[in-house]
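Asks: Sending over a structure as structure tokens; questions will come in a sec.
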Amino acid sequence: MYKYKQSGNTYILSLDNHVEVTAALAAFCEEKGILSGEINGLGAVSEATFRYLNPQTMKYVDKTFTEQMEITSLVGNISRKDGKPYLHIHITASRSDYSCIGGHLLTAKINGACELFVKDLGVEVGRHLDEGLGINLFSL
Ligand code: FE
């Protein structure tokens, strides 16, 4: 699913071709017992599902794009919720016409490579549902 090397508190990751990015990252966080961290990376995907939260309706709108795209920027954080890794990832991806789309990342299937840096921050950070906002905020 991935190969990695550690340097201090940071992991250098290369995800295998055709794997799903968020599943691979969650598996890596489980394997390494990462309780909080930061993620950044790039790569290429053939399919990705983005999420947009409409603050007026408080409804999530998900949309899948099935086309080859470059991940021009993937940024995210790692925390814990219900005893499992909780990944909050945003992504910008470029299309064949060089325009970009992006949003909250739900899933992305690699087609090519995906190179990530994961920094283990070494403290436990949980999440709780903020009823007013309808989103899971950091428990600090
Ligand atoms: Fe988000």
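Ligands are numbered from 1 in the order shown, chains are lettered A, B, ... in the order of the structure tokens, and residues start at 1 in each chain.
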Kindly compile the residues surrounding ligand 1 within 7 Å, counting only C-alpha atoms and all ligand atoms, and format them as number ranges by chain.
Replies: A: 88-90, 104
Asks: Kindly save the residues from that selection, with N, CA, C and O atoms included, as an mmCIF file, in the first residue's frame.
Replies:
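Okay, this is what ended up in out.cif:
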data_model
loop_
_atom_site.group_PDB
_atom_site.id
_atom_site.type_symbol
_atom_site.label_atom_id
_atom_site.label_comp_id
_atom_site.auth_asym_id
_atom_site.auth_seq_id
_atom_site.Cartn_x
_atom_site.Cartn_y
_atom_site.Cartn_z
ATOM 1 N N HIS A 88 -8.335 15.030 8.223
ATOM 2 C CA HIS A 88 -9.004 16.189 7.619
ATOM 3 C C HIS A 88 -8.073 16.693 6.519
ATOM 4 O O HIS A 88 -7.003 17.229 6.810
ATOM 5 N N ILE A 89 -8.494 16.467 5.280
ATOM 6 C CA ILE A 89 -7.612 16.729 4.141
ATOM 7 C C ILE A 89 -8.317 17.609 3.114
ATOM 8 O O ILE A 89 -9.468 17.354 2.750
ATOM 9 N N HIS A 90 -7.611 18.608 2.659
ATOM 10 C CA HIS A 90 -8.084 19.421 1.535
ATOM 11 C C HIS A 90 -7.124 19.227 0.371
ATOM 12 O O HIS A 90 -5.939 18.913 0.555
ATOM 13 N N HIS A 104 -12.644 19.686 0.088
ATOM 14 C CA HIS A 104 -12.361 18.707 1.132
ATOM 15 C C HIS A 104 -12.237 17.353 0.428
ATOM 16 O O HIS A 104 -13.073 17.016 -0.405
#
Asks: DSSP on the backbone, then: every residue of chain A marked helix (DSSP H, G or I), written as a CSV table (one decimal) with C-alpha atoms, in the first residue's frame.
Replies:
chain,number,residue,atom,x,y,z
A,21,VAL,CA,-5.2,8.0,-0.7
A,22,THR,CA,-7.3,8.4,2.5
A,23,ALA,CA,-7.4,4.7,3.2
A,24,ALA,CA,-3.7,4.4,2.8
A,25,LEU,CA,-3.1,7.3,5.1
A,26,ALA,CA,-5.4,6.0,7.7
A,27,ALA,CA,-3.7,2.6,7.6
A,28,PHE,CA,-0.3,4.3,8.0
A,29,CYS,CA,-1.5,6.4,11.0
A,30,GLU,CA,-2.8,3.2,12.6
A,31,GLU,CA,0.5,1.4,11.9
A,32,LYS,CA,2.6,4.2,13.4
Asks: What's around A:Cys114 at 6 Å? Count only C-alpha atoms, leave out sequence neighbours fewer than 6 positions away in its own chain, and write the answer as a PyMOL selection string.
Replies: chain A and resi 14-15+42-43
Asks: Any chance you could export the current selection's C-alpha atoms as a PDB file, in the first residue's frame?
Replies:
ATOM      1  CA  SER A  14       5.335   6.932  -1.372  1.00  0.00           C
ATOM      2  CA  LEU A  15       1.904   5.412  -1.894  1.00  0.00           C
ATOM      3  CA  LEU A  42       1.391  15.891  -4.312  1.00  0.00           C
ATOM      4  CA  GLY A  43       0.793  13.283  -6.971  1.00  0.00           C
TER       5      GLY A  43
END
Asks: Work out how far atom CA of A:Leu121 is from atom CA of A:Glu38, in Å to one decimal.
Replies: 7.6 Å
Asks: What's the 7 Å shell around A:Leu106, counting only C-alpha atoms, without same-chain residues fewer than 6 positions away, as a PyMOL selection string?
Replies: chain A and resi 49-51
Asks: Would you mind reading off the distance between atom CA of A:Glu67 and atom CA of A:Glu115, one decimal, in Å?
Replies: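 Result for atom CA of A:Glu67 versus atom CA of A:Glu115: 19.4 Å, one decimal.
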Asks: Quick one: everything within 12 Å of A:Gly8, counting only C-alpha atoms, minus sequence neighbours fewer than 5 positions away in the same chain. Send it as a PDB file with N, CA, C and O atoms, in the first residue's frame.
Replies:
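Result saved to result14.pdb:
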ATOM      1  N   PHE A 117       4.531  13.858   2.878  1.00  0.00           N
ATOM      2  CA  PHE A 117       5.281  13.987   4.123  1.00  0.00           C
ATOM      3  C   PHE A 117       4.275  14.019   5.255  1.00  0.00           C
ATOM      4  O   PHE A 117       3.290  14.770   5.197  1.00  0.00           O
ATOM      5  N   VAL A 118       4.503  13.183   6.255  1.00  0.00           N
ATOM      6  CA  VAL A 118       3.620  13.126   7.414  1.00  0.00           C
ATOM      7  C   VAL A 118       4.453  13.421   8.649  1.00  0.00           C
ATOM      8  O   VAL A 118       5.405  12.683   8.953  1.00  0.00           O
ATOM      9  N   LYS A 119       4.117  14.508   9.312  1.00  0.00           N
ATOM     10  CA  LYS A 119       4.836  14.871  10.538  1.00  0.00           C
ATOM     11  C   LYS A 119       4.028  14.401  11.749  1.00  0.00           C
ATOM     12  O   LYS A 119       2.856  14.759  11.890  1.00  0.00           O
ATOM     13  N   ASP A 120       4.664  13.598  12.588  1.00  0.00           N
ATOM     14  CA  ASP A 120       4.029  13.100  13.809  1.00  0.00           C
ATOM     15  C   ASP A 120       4.267  14.125  14.920  1.00  0.00           C
ATOM     16  O   ASP A 120       5.413  14.344  15.337  1.00  0.00           O
ATOM     17  N   LEU A 121       3.177  14.745  15.401  1.00  0.00           N
ATOM     18  CA  LEU A 121       3.313  15.817  16.397  1.00  0.00           C
ATOM     19  C   LEU A 121       3.372  15.288  17.829  1.00  0.00           C
ATOM     20  O   LEU A 121       3.643  16.053  18.758  1.00  0.00           O
ATOM     21  N   GLY A 122       3.106  14.004  18.006  1.00  0.00           N
ATOM     22  CA  GLY A 122       3.426  13.343  19.268  1.00  0.00           C
ATOM     23  C   GLY A 122       2.519  13.608  20.451  1.00  0.00           C
ATOM     24  O   GLY A 122       2.846  13.199  21.567  1.00  0.00           O
TER      25      GLY A 122
END
Asks: Can you tell me, as a ChimeraX atom specification, what residues are no more than 7 Å from A:Arg95 when counting only C-alpha atoms, ignoring any on the same chain fewer than 6 positions away?
Replies: /A:68-70
Asks: Kindly save the residues from that selection, with C-alpha atoms included, as a short mmCIF file (atom, residue, chain, number, x, y, z; two decimals), in the first residue's frame.
Replies:
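Output below, filename again.cif:
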data_model
loop_
_atom_site.label_atom_id
_atom_site.label_comp_id
_atom_site.auth_asym_id
_atom_site.auth_seq_id
_atom_site.Cartn_x
_atom_site.Cartn_y
_atom_site.Cartn_z
CA GLN A 68 -6.64 12.28 -14.83
CA MET A 69 -5.55 15.15 -12.57
CA GLU A 70 -2.36 16.31 -10.91
#
Asks: Just the strand (DSSP E) stuff from chain A, please, per backbone DSSP, written as a PyMOL selection string.
Replies: chain A and resi 2-7+10-15+37-54+59-81+84-94+100-120+126-130+135-139
Asks: Taking into account only C-alpha atoms, which residue in the set A:His18, A:Ser73, A:Leu53, A:Gly33 is nearest to A:Cys100?
Replies: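 Among A:His18, A:Ser73, A:Leu53, A:Gly33, it is A:Ser73 that comes nearest to A:Cys100.
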Asks: Which one of A:Leu13, A:Gln6, A:Val19, A:Leu74 sits closest to A:Asn111 if you count only C-alpha atoms?
Replies: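 Comparing A:Leu13, A:Gln6, A:Val19, A:Leu74 against A:Asn111, the winner is A:Val19.
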Asks: Could you jot down the atom CA of A:Ile135 to atom CA of A:Gly102 separation for me, Å, one decimal place?
Replies: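 Straight-line distance from atom CA of A:Ile135 to atom CA of A:Gly102 works out to 19.2 Å.
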Asks: Neighbours of A:Asp16 within 8 Å (only C-alpha atoms; same-chain residues fewer than 3 positions away dropped), as a PyMOL selection string?
Replies: chain A and resi 1-3+19+110+113-114
Asks: Measuring between only C-alpha atoms, which one of A:Ala48, A:Leu129, A:Ser7, A:Phe138 shows the shortest distance to A:Asp62?
Replies: A:Ala48
